[in-house]
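Quick notes on the structure that follows.
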Amino acid sequence: MSLIAGLIAGLVIAGLYVLAGHFRIETEQLKVTGNPTLALATASVLVPLAILWGWTWVSDRWSGRSGPRLMLFNLGLVLATAAAFPLDSIVRASAPDRIVFDPSVSIVAIDGVLWIVPIVAIAAILYWLFGSGKLPVGLPTLAFGYLIGLPLGLFFPPAAMGAVAGTAAGHAWREPGARTLIVVLVIFIMLIAAVELPLAAATVDGPLLPPLP
């Protein structure tokens with residue numbers, strides 16, 4: 001069950017990532033197209049939310065014996081989310097009338113796994129620290145865990161996602177009544193980390209480096 005839940009969550013993220021990067025809406029009055037920044041922002045919000053939801057759901061349902069289920073959920077989430085990379089590569093290389101399979105798609109798939117694994121690893125460390133009580137759920141530690149994602153988002157978005165996701169999951173596990181507020185906080189922080197800070201840095205340091213595919 002937890003493996004299937006992870007796969008479903010990851011496939012939803014992968015599909016929305018590709019859609020956000022390539023959608024096009026054109027009317028006489030309006031033209032809106034997807035772009036890499038929007039795709040990155042989509043993943044930056046959805047991956048931490050998937051970890052927050054999945055880990056608290058597994059821990060609640062299998063309390064005291066959730067370890068193997070968490071690993072299965074993470075396996076499904078990693079594999080399915082990483083599918084966004086080869087899917088994006090195929091869509092990018094294809095034309096409206098044909099689908100083109102890039103020979104390097106297997107390498108791109110590995111890149112996808114290497115992109116999502118640090119998120120889960122960093123989140124797992126923080127989740128264990130908060131969930132086990134080794135880090136107290138107090139204002140100083142929570143503020144650090146959440147806000148460290150803002151500067152990290154400038155240099156390595158996966159680290160920002162992992163820090164915020166792990167802090168949020170541990171926070172939600174220790175304080176179940178605050179979960180709705182935690183979800184809103186995660187969305188707010190990750191939108192800033194994924195979009196506003198890199199754009200602000202680009203205006204100072206020059207052109208914005210393209211995000212990972």
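Identifiers for the structure tokens are assigned positionally: chains receive A, B, ... in sequence, residues are indexed from 1 per chain, and ligands are indexed from 1 in the order shown.
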
Long-range neighbours of Gly133 (chain A) as a ChimeraX atom specification, 10 Å cut-off, only C-alpha atoms, 6 positions minimum in chain: /A:127,170,174

Deliver the residues from the most recent selection as a file, using N, CA and C atoms, as a PDB file, in the first residue's frame.
ATOM      1  N   TYR A 127      13.613  14.670   9.741  1.00  0.00           N
ATOM      2  CA  TYR A 127      12.400  14.025  10.261  1.00  0.00           C
ATOM      3  C   TYR A 127      12.733  13.159  11.469  1.00  0.00           C
ATOM      4  N   GLY A 170       8.555  16.317  10.472  1.00  0.00           N
ATOM      5  CA  GLY A 170       8.804  16.142  11.897  1.00  0.00           C
ATOM      6  C   GLY A 170       7.903  17.013  12.755  1.00  0.00           C
ATOM      7  N   ARG A 174       4.992  15.643  15.462  1.00  0.00           N
ATOM      8  CA  ARG A 174       4.991  16.001  16.877  1.00  0.00           C
ATOM      9  C   ARG A 174       3.787  16.854  17.262  1.00  0.00           C
TER      10      ARG A 174
END

Within 8 Å of Arg24 (chain A) using only C-alpha atoms, minus same-chain residues under 2 positions, as a PyMOL selection string: chain A and resi 22+26+31-34

Could you take the residues named above and write them with N, CA, C and O atoms, as a PDB file, in the first residue's frame?
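New file result16.pdb:
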ATOM      1  N   HIS A  22       5.664  22.817 -20.253  1.00  0.00           N
ATOM      2  CA  HIS A  22       5.401  22.769 -21.689  1.00  0.00           C
ATOM      3  C   HIS A  22       3.989  23.176 -22.100  1.00  0.00           C
ATOM      4  O   HIS A  22       3.703  23.194 -23.301  1.00  0.00           O
ATOM      5  N   GLU A  26      -3.325  29.782 -25.760  1.00  0.00           N
ATOM      6  CA  GLU A  26      -3.326  30.953 -26.634  1.00  0.00           C
ATOM      7  C   GLU A  26      -4.750  31.324 -26.997  1.00  0.00           C
ATOM      8  O   GLU A  26      -5.533  30.486 -27.430  1.00  0.00           O
ATOM      9  N   LYS A  31      -1.839  34.929 -24.055  1.00  0.00           N
ATOM     10  CA  LYS A  31      -0.923  33.863 -24.424  1.00  0.00           C
ATOM     11  C   LYS A  31      -0.107  33.489 -23.192  1.00  0.00           C
ATOM     12  O   LYS A  31       0.625  34.302 -22.641  1.00  0.00           O
ATOM     13  N   VAL A  32      -0.259  32.246 -22.749  1.00  0.00           N
ATOM     14  CA  VAL A  32       0.449  31.758 -21.569  1.00  0.00           C
ATOM     15  C   VAL A  32       1.151  30.456 -21.939  1.00  0.00           C
ATOM     16  O   VAL A  32       0.540  29.560 -22.523  1.00  0.00           O
ATOM     17  N   THR A  33       2.430  30.374 -21.620  1.00  0.00           N
ATOM     18  CA  THR A  33       3.191  29.166 -21.919  1.00  0.00           C
ATOM     19  C   THR A  33       3.969  28.718 -20.683  1.00  0.00           C
ATOM     20  O   THR A  33       4.352  29.525 -19.838  1.00  0.00           O
ATOM     21  N   GLY A  34       4.205  27.424 -20.612  1.00  0.00           N
ATOM     22  CA  GLY A  34       5.009  26.887 -19.535  1.00  0.00           C
ATOM     23  C   GLY A  34       6.469  27.221 -19.727  1.00  0.00           C
ATOM     24  O   GLY A  34       6.908  27.581 -20.824  1.00  0.00           O
TER      25      GLY A  34
END

Proximity to Gly15 (chain A) - best of A:Met161, A:Leu3, A:Ala84, A:Leu77, only C-alpha atoms: A:Ala84

Neighbour list for Ala43 (chain A) as a ChimeraX atom specification, cut-off 10 Å, only C-alpha atoms, skip fewer than 5 positions in-chain: /A:13-14,16-18,20,38,48-49,81,84,157-158,161,190-191,194

Atom-to-atom span, CA of Ala143 (chain A) and CA of Val164 (chain A), Å: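 So the two atoms, CA of Ala143 (chain A) and CA of Val164 (chain A), lie 10.1 Å apart.
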
Near region 52-58 of chain A, counting only C-alpha atoms, which residues have an atom at most 7 Å away, once you skip same-chain residues fewer than 6 positions from it, shown as a PDB file with N, CA, C and O atoms, in the first residue's frame?
ATOM      1  N   SER A  66       6.654   1.533  11.370  1.00  0.00           N
ATOM      2  CA  SER A  66       6.507   2.246  10.100  1.00  0.00           C
ATOM      3  C   SER A  66       7.770   2.248   9.259  1.00  0.00           C
ATOM      4  O   SER A  66       7.724   2.655   8.094  1.00  0.00           O
ATOM      5  N   ARG A  69       7.608   0.501   5.837  1.00  0.00           N
ATOM      6  CA  ARG A  69       6.607   1.172   4.994  1.00  0.00           C
ATOM      7  C   ARG A  69       7.117   2.525   4.513  1.00  0.00           C
ATOM      8  O   ARG A  69       6.848   2.929   3.378  1.00  0.00           O
ATOM      9  N   LEU A  70       7.853   3.232   5.366  1.00  0.00           N
ATOM     10  CA  LEU A  70       8.429   4.508   4.937  1.00  0.00           C
ATOM     11  C   LEU A  70       9.432   4.287   3.808  1.00  0.00           C
ATOM     12  O   LEU A  70       9.480   5.070   2.850  1.00  0.00           O
ATOM     13  N   ALA A 165      10.974  19.912   3.781  1.00  0.00           N
ATOM     14  CA  ALA A 165      10.135  18.718   3.885  1.00  0.00           C
ATOM     15  C   ALA A 165      10.386  17.966   5.189  1.00  0.00           C
ATOM     16  O   ALA A 165       9.442  17.542   5.868  1.00  0.00           O
ATOM     17  N   ALA A 168       9.056  19.998   8.140  1.00  0.00           N
ATOM     18  CA  ALA A 168       7.596  19.988   8.153  1.00  0.00           C
ATOM     19  C   ALA A 168       7.048  18.635   8.596  1.00  0.00           C
ATOM     20  O   ALA A 168       6.091  18.559   9.380  1.00  0.00           O
ATOM     21  N   ALA A 169       7.640  17.547   8.110  1.00  0.00           N
ATOM     22  CA  ALA A 169       7.154  16.216   8.478  1.00  0.00           C
ATOM     23  C   ALA A 169       7.371  15.954   9.969  1.00  0.00           C
ATOM     24  O   ALA A 169       6.483  15.416  10.654  1.00  0.00           O
ATOM     25  N   TRP A 173       4.415  15.507  12.744  1.00  0.00           N
ATOM     26  CA  TRP A 173       4.335  14.290  13.544  1.00  0.00           C
ATOM     27  C   TRP A 173       4.236  14.622  15.025  1.00  0.00           C
ATOM     28  O   TRP A 173       3.489  13.997  15.768  1.00  0.00           O
TER      29      TRP A 173
END

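Nearest residue to Gly166 (chain A) among A:Ile4, A:Val91, A:Ile192, A:Leu126 is A:Leu126, counting only C-alpha atoms.
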
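Distance annotation: of A:Ile25, A:Ala178, A:Ala160, A:Ile8, the residue with the minimal separation from Val78 (chain A) is A:Ile8; atom set is only C-alpha atoms.
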
Strand (DSSP E) per DSSP on the backbone: members of chain A, as an MDAnalysis selection string: chainID A and resid 24:26 31:33

Proximity to Asp111 (chain A) - best of A:Gly131, A:Pro68, A:Gly177, A:Pro86, only C-alpha atoms: A:Pro86

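Distance check against Leu114 (chain A) using only C-alpha atoms: of A:Ala9, A:Leu46, A:Leu185, A:Ala82, the minimum falls on A:Ala82.
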